[in-house]
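Accompanying notes for the structure given below.
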Amino acid sequence: MGDKAQGRKILVVAELRGETIHPVTFELLGKSREIVEHTGGEVYSVVFGSSIDKAKASELIHYGADRVFLFKDPVFSVLNPMLYAYNLVKLCREEKPDIILMGATCFGRSLGPRVAAALKTGLTADCIDLRIDENGELIQVRPAFVGNILAHIKTKTKPVMSTVRYRVMKAREKDESRSGLIIEKTAEKLFQDRIRLVGEAVPKRLNITDAEIIVAGGRGLGSAEGFKLLGELASLLGGVVGSSRPPVDDGWIRKEHQVGYSGSIVKPRLYIACGISGSPQHLFGMKDAETIVAINSDPSAPIFRVADYGIVGDLYQVIPLMIKEIKARRSSVG
Amino acid sequence: MEGLKTSLKTSVLLKQLLNIIVLVKQVPDIERVKFDVETGRIDRSSAPAEINPFDLNAIEAAVQIKEKMGGFITALSMGPMQAVSSLRDAVARGVDDAILLEDRRFAGADTLATSHTLAAAIRKIGSYDIILCGEKTVDGDTGQVGAEVAQLLEIPHIYYVSRIIRVSENSITVVSEAENASYTLESGFPVLLSVTRDVNKPRLPTLKSKMKAMKSEVKIWHAEDLSGFLDLDKAGYAGSPTWVQKVIVQKEKTRQCRIHRQVEDGLQELMRLLEAKGLV
């Protein structure tokens, strides 16, 4: 097992959100294909769901899996980590993968540690890169200490387990001509009453992680009122409102808007930072945006060092002018 | 006679009240700590140590549950002797008892080895209904220890708890957050919960509670105190399956910023940018 000559068996744990397979799964499949093309071996995937059918599961093959284990059972409608872990651990004992990958999402972060503890193996969180070294061993790269350092981590035990951040690896093009095997598995229905869902899940309106345009505010807004202005600009641009940590701590805006180390990591096409000074904790969450605009009255604010465009000025002057200008252009065109 | 009375009273109380364990970690103040660019190590002497900020919400949640239901809160930590100060801080914030797991053989642990050690101590404590922990630590930043401990203890866990709705003598109802939805979940005891910063606003310790905490006794458990509960091969560096092969210090990624001090100029450039991105 795990011998260089024998190739690698990589198991990607698919994540379902409602009826759809979350794209982090496809990114992991893409990375896994890249690894087995180098080492030899096969890419497996496993999916748990209450209503997932073979047609849906075959998407995993189209994105790179050679073999898919399908657990379809109503018990999986509640994310009960004990039940999920039990079935996943059992599968791993049967199939003996060398590497197990899951998304560093709420799902993967909750399930991964249970599985690692049960398999008595190491788990590396939040990887941003995976590569095979000259000895054929997996190097797991993860940021540490607010992104100040990148740690290269190895695992002595088998299987090697990692959770991987969403939107750092590339999925392959969907190839519907790829063929593979779908193996239907029977769920072990244990621990069902340990966690019970009360009522219905409440969907969230805001999905800041996937937002293409973010207009974010910081302490420089001065009050909760400022977010109304940012909201107007954001909706004009088809974007959402973000925040650094201080406004969240002060109760000006809800936590789900927070971008940064203890909030969300975002990668929009355009990030407009208004009244945000740019602490390392905030920069950690948004520095990979395609274009960064900073509006701040303090010319020495660190945010200007990571921005592409900056305006030194009062955001309460600049933003209303921007809104006015955008509206004017649209009405002259329309 | 006096002793018997006290022990009877304690056993009656323990049956009715909830036993709560809070997992805490002492961390460097991450906003101030300096990094050694040569070695990529953090210089722990460069910043004061404190309770992991996320753990403050776990402590506050425990105190609020105790205020409603009655109970006994034990703070449990693993770390060097200096961590006693953070456990005293936990006492000042309302925990009843504090235990530090300190031993050379616990040092250098990754999340799995840490979890084995904490789980062993929890088994030694014996009676527990709710285990609370923060969402993650600011230094390790993995968020893995809670669920690993739950697995080792064979109890359920609920992650990302943003609200505690109801606690009864034998169950707890909470809201658990995921990226796309919130779920109201109910679990019997024992259960491990990791709480987010939204779950509450931690109170500051009062001067009086600080004074009391300074005199409080923090129990120190060494490896031999966990004998029968912990396989030492699973603890510390020796028991850690993951190891850091190397660290690379990240250079700050800066961009060439076109800064405008005239709002009009800046505005024109922004409009050109929005146009280029197809937004106007």
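Within each chain, counting starts at residue 1; across the structure tokens, chains are named A, B, ... in the order shown, with ligands numbered 1 upward in that order.
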Would you give me, as an mmCIF file with N, CA and C atoms, in the first residue's frame, the residues of chain B that come within 7 Å of chain A, using only C-alpha atoms?
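Contents of the output file out14.cif:
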data_model
loop_
_atom_site.group_PDB
_atom_site.id
_atom_site.type_symbol
_atom_site.label_atom_id
_atom_site.label_comp_id
_atom_site.auth_asym_id
_atom_site.auth_seq_id
_atom_site.Cartn_x
_atom_site.Cartn_y
_atom_site.Cartn_z
ATOM 1 N N GLY B 40 11.141 31.020 10.419
ATOM 2 C CA GLY B 40 9.710 30.886 10.205
ATOM 3 C C GLY B 40 8.962 30.535 11.482
ATOM 4 N N LEU B 112 -4.174 15.281 16.468
ATOM 5 C CA LEU B 112 -4.591 13.943 16.898
ATOM 6 C C LEU B 112 -4.006 13.602 18.274
ATOM 7 N N ASP B 139 -3.731 30.248 16.756
ATOM 8 C CA ASP B 139 -2.378 29.859 16.344
ATOM 9 C C ASP B 139 -2.373 28.596 15.481
ATOM 10 N N THR B 142 -6.813 25.078 13.027
ATOM 11 C CA THR B 142 -7.330 23.918 12.294
ATOM 12 C C THR B 142 -8.790 23.629 12.636
ATOM 13 N N GLN B 144 -9.794 21.261 14.417
ATOM 14 C CA GLN B 144 -9.972 19.810 14.322
ATOM 15 C C GLN B 144 -10.120 19.112 15.671
ATOM 16 N N ALA B 147 -13.819 17.837 17.138
ATOM 17 C CA ALA B 147 -14.454 16.661 16.537
ATOM 18 C C ALA B 147 -13.606 15.405 16.746
ATOM 19 N N GLU B 148 -12.289 15.565 16.815
ATOM 20 C CA GLU B 148 -11.436 14.393 17.084
ATOM 21 C C GLU B 148 -11.684 13.883 18.504
ATOM 22 N N GLN B 151 -14.948 12.035 18.572
ATOM 23 C CA GLN B 151 -14.818 10.694 17.991
ATOM 24 C C GLN B 151 -14.158 9.741 18.984
ATOM 25 N N LEU B 152 -13.097 10.207 19.634
ATOM 26 C CA LEU B 152 -12.378 9.333 20.569
ATOM 27 C C LEU B 152 -13.243 8.973 21.781
ATOM 28 N N PRO B 156 -21.520 12.381 20.056
ATOM 29 C CA PRO B 156 -21.773 13.255 18.898
ATOM 30 C C PRO B 156 -21.157 14.643 19.087
ATOM 31 N N TYR B 159 -20.841 21.285 15.207
ATOM 32 C CA TYR B 159 -19.881 22.355 14.956
ATOM 33 C C TYR B 159 -20.604 23.659 14.614
ATOM 34 N N ALA B 178 -23.874 26.466 8.455
ATOM 35 C CA ALA B 178 -23.074 26.014 7.319
ATOM 36 C C ALA B 178 -23.045 27.177 6.342
ATOM 37 N N GLU B 179 -22.296 27.037 5.244
ATOM 38 C CA GLU B 179 -22.149 28.165 4.325
ATOM 39 C C GLU B 179 -23.489 28.600 3.740
ATOM 40 N N ASN B 180 -24.332 27.634 3.424
ATOM 41 C CA ASN B 180 -25.534 27.956 2.671
ATOM 42 C C ASN B 180 -26.818 27.942 3.494
ATOM 43 N N ALA B 181 -26.748 27.472 4.730
ATOM 44 C CA ALA B 181 -27.964 27.362 5.531
ATOM 45 C C ALA B 181 -27.633 27.241 7.018
ATOM 46 N N SER B 182 -28.635 27.528 7.834
ATOM 47 C CA SER B 182 -28.532 27.280 9.280
ATOM 48 C C SER B 182 -29.452 26.119 9.625
ATOM 49 N N TYR B 183 -29.011 25.300 10.566
ATOM 50 C CA TYR B 183 -29.800 24.139 10.951
ATOM 51 C C TYR B 183 -30.063 24.187 12.451
ATOM 52 N N THR B 184 -31.301 23.940 12.848
ATOM 53 C CA THR B 184 -31.584 23.794 14.271
ATOM 54 C C THR B 184 -31.457 22.307 14.598
ATOM 55 N N LEU B 185 -30.558 22.000 15.514
ATOM 56 C CA LEU B 185 -30.271 20.607 15.828
ATOM 57 C C LEU B 185 -30.439 20.362 17.316
ATOM 58 N N GLU B 186 -30.855 19.154 17.622
ATOM 59 C CA GLU B 186 -31.048 18.778 19.014
ATOM 60 C C GLU B 186 -30.216 17.534 19.298
ATOM 61 N N SER B 187 -29.598 17.518 20.446
ATOM 62 C CA SER B 187 -28.820 16.342 20.817
ATOM 63 C C SER B 187 -29.028 16.032 22.287
ATOM 64 N N GLY B 188 -28.955 14.762 22.595
ATOM 65 C CA GLY B 188 -28.948 14.362 23.995
ATOM 66 C C GLY B 188 -27.541 14.524 24.552
ATOM 67 N N PRO B 241 0.973 12.035 13.985
ATOM 68 C CA PRO B 241 1.215 11.543 12.627
ATOM 69 C C PRO B 241 1.666 12.629 11.645
ATOM 70 N N THR B 242 1.337 13.890 11.913
ATOM 71 C CA THR B 242 1.748 14.933 10.967
ATOM 72 C C THR B 242 2.971 15.657 11.502
ATOM 73 N N TRP B 243 3.830 16.081 10.593
ATOM 74 C CA TRP B 243 5.005 16.851 11.003
ATOM 75 C C TRP B 243 5.314 17.900 9.953
ATOM 76 N N VAL B 244 5.878 18.991 10.438
ATOM 77 C CA VAL B 244 6.163 20.112 9.549
ATOM 78 C C VAL B 244 7.532 19.893 8.932
ATOM 79 N N GLN B 245 7.550 19.673 7.621
ATOM 80 C CA GLN B 245 8.807 19.424 6.934
ATOM 81 C C GLN B 245 9.592 20.715 6.774
ATOM 82 N N LYS B 246 8.908 21.765 6.390
ATOM 83 C CA LYS B 246 9.553 23.076 6.360
ATOM 84 C C LYS B 246 8.511 24.174 6.352
ATOM 85 N N VAL B 247 8.989 25.369 6.641
ATOM 86 C CA VAL B 247 8.089 26.514 6.565
ATOM 87 C C VAL B 247 8.718 27.559 5.654
ATOM 88 N N ILE B 248 7.872 28.214 4.928
ATOM 89 C CA ILE B 248 8.342 29.257 4.023
ATOM 90 C C ILE B 248 7.694 30.556 4.474
ATOM 91 N N VAL B 249 8.530 31.559 4.693
ATOM 92 C CA VAL B 249 7.973 32.843 5.097
ATOM 93 C C VAL B 249 7.413 33.529 3.858
ATOM 94 N N GLN B 250 6.165 33.909 3.940
ATOM 95 C CA GLN B 250 5.495 34.546 2.816
ATOM 96 C C GLN B 250 5.909 36.004 2.732
ATOM 97 N N LYS B 253 2.418 40.215 -0.349
ATOM 98 C CA LYS B 253 2.138 40.454 -1.766
ATOM 99 C C LYS B 253 1.612 41.869 -1.902
ATOM 100 N N THR B 254 2.428 42.744 -2.442
ATOM 101 C CA THR B 254 1.939 44.109 -2.611
ATOM 102 C C THR B 254 1.608 44.331 -4.088
ATOM 103 N N ARG B 255 0.796 45.308 -4.332
ATOM 104 C CA ARG B 255 0.450 45.660 -5.710
ATOM 105 C C ARG B 255 0.856 47.112 -5.932
ATOM 106 N N GLN B 256 1.067 47.423 -7.187
ATOM 107 C CA GLN B 256 1.403 48.798 -7.528
ATOM 108 C C GLN B 256 0.115 49.607 -7.504
ATOM 109 N N CYS B 257 -0.073 50.344 -6.456
ATOM 110 C CA CYS B 257 -1.345 51.061 -6.314
ATOM 111 C C CYS B 257 -1.283 52.415 -7.008
ATOM 112 N N ARG B 258 -2.281 52.673 -7.839
ATOM 113 C CA ARG B 258 -2.395 54.015 -8.438
ATOM 114 C C ARG B 258 -3.252 54.845 -7.492
ATOM 115 N N ILE B 259 -2.548 55.674 -6.717
ATOM 116 C CA ILE B 259 -3.253 56.436 -5.690
ATOM 117 C C ILE B 259 -3.635 57.820 -6.196
ATOM 118 N N HIS B 260 -4.865 58.182 -5.974
ATOM 119 C CA HIS B 260 -5.338 59.522 -6.353
ATOM 120 C C HIS B 260 -5.655 60.311 -5.107
ATOM 121 N N ARG B 261 -5.100 61.505 -5.049
ATOM 122 C CA ARG B 261 -5.423 62.372 -3.924
ATOM 123 C C ARG B 261 -6.517 63.368 -4.314
ATOM 124 N N VAL B 263 -10.126 63.590 -5.626
ATOM 125 C CA VAL B 263 -11.274 62.690 -5.733
ATOM 126 C C VAL B 263 -11.778 62.604 -7.185
ATOM 127 N N GLY B 266 -9.626 60.284 -9.236
ATOM 128 C CA GLY B 266 -9.827 58.914 -8.774
ATOM 129 C C GLY B 266 -11.139 58.363 -9.298
ATOM 130 N N LEU B 267 -12.141 59.204 -9.247
ATOM 131 C CA LEU B 267 -13.471 58.798 -9.681
ATOM 132 C C LEU B 267 -13.465 58.422 -11.165
ATOM 133 N N LEU B 279 -19.183 46.625 -15.931
ATOM 134 C CA LEU B 279 -20.144 46.876 -14.849
ATOM 135 C C LEU B 279 -20.980 48.139 -15.080
ATOM 136 N N VAL B 280 -20.528 48.998 -15.972
ATOM 137 C CA VAL B 280 -21.393 50.153 -16.316
ATOM 138 C C VAL B 280 -21.592 50.209 -17.836
#
If you count only C-alpha atoms, which residues fall within 9 Å of Ser58 of chain A, apart from same-chain ones fewer than 6 positions away, as a ChimeraX atom specification? /A:65,68,176,179-182
Write the residues of the preceding selection, restricted to C-alpha atoms, as a short mmCIF file (atom, residue, chain, number, x, y, z; two decimals), in the first residue's frame.
data_model
loop_
_atom_site.label_atom_id
_atom_site.label_comp_id
_atom_site.auth_asym_id
_atom_site.auth_seq_id
_atom_site.Cartn_x
_atom_site.Cartn_y
_atom_site.Cartn_z
CA ALA A 65 -13.31 9.98 -10.71
CA VAL A 68 -17.79 6.34 -7.34
CA GLU A 176 -19.21 13.58 -20.32
CA SER A 179 -16.41 6.45 -18.14
CA GLY A 180 -16.16 4.95 -14.72
CA LEU A 181 -17.86 2.68 -12.27
CA ILE A 182 -20.66 3.64 -9.89
#
Please give the complete set of residues from segment 30-253 of chain A that DSSP, run on the backbone, assigns to alpha helix (DSSP H), formatted as number ranges by chain. A: 30-39, 54-62, 81-95, 106-119, 226-236, 245-249
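For the pair atom CA of Arg203 of chain B and atom CA of Ser243 of chain A, the separation is 23.9 Å.
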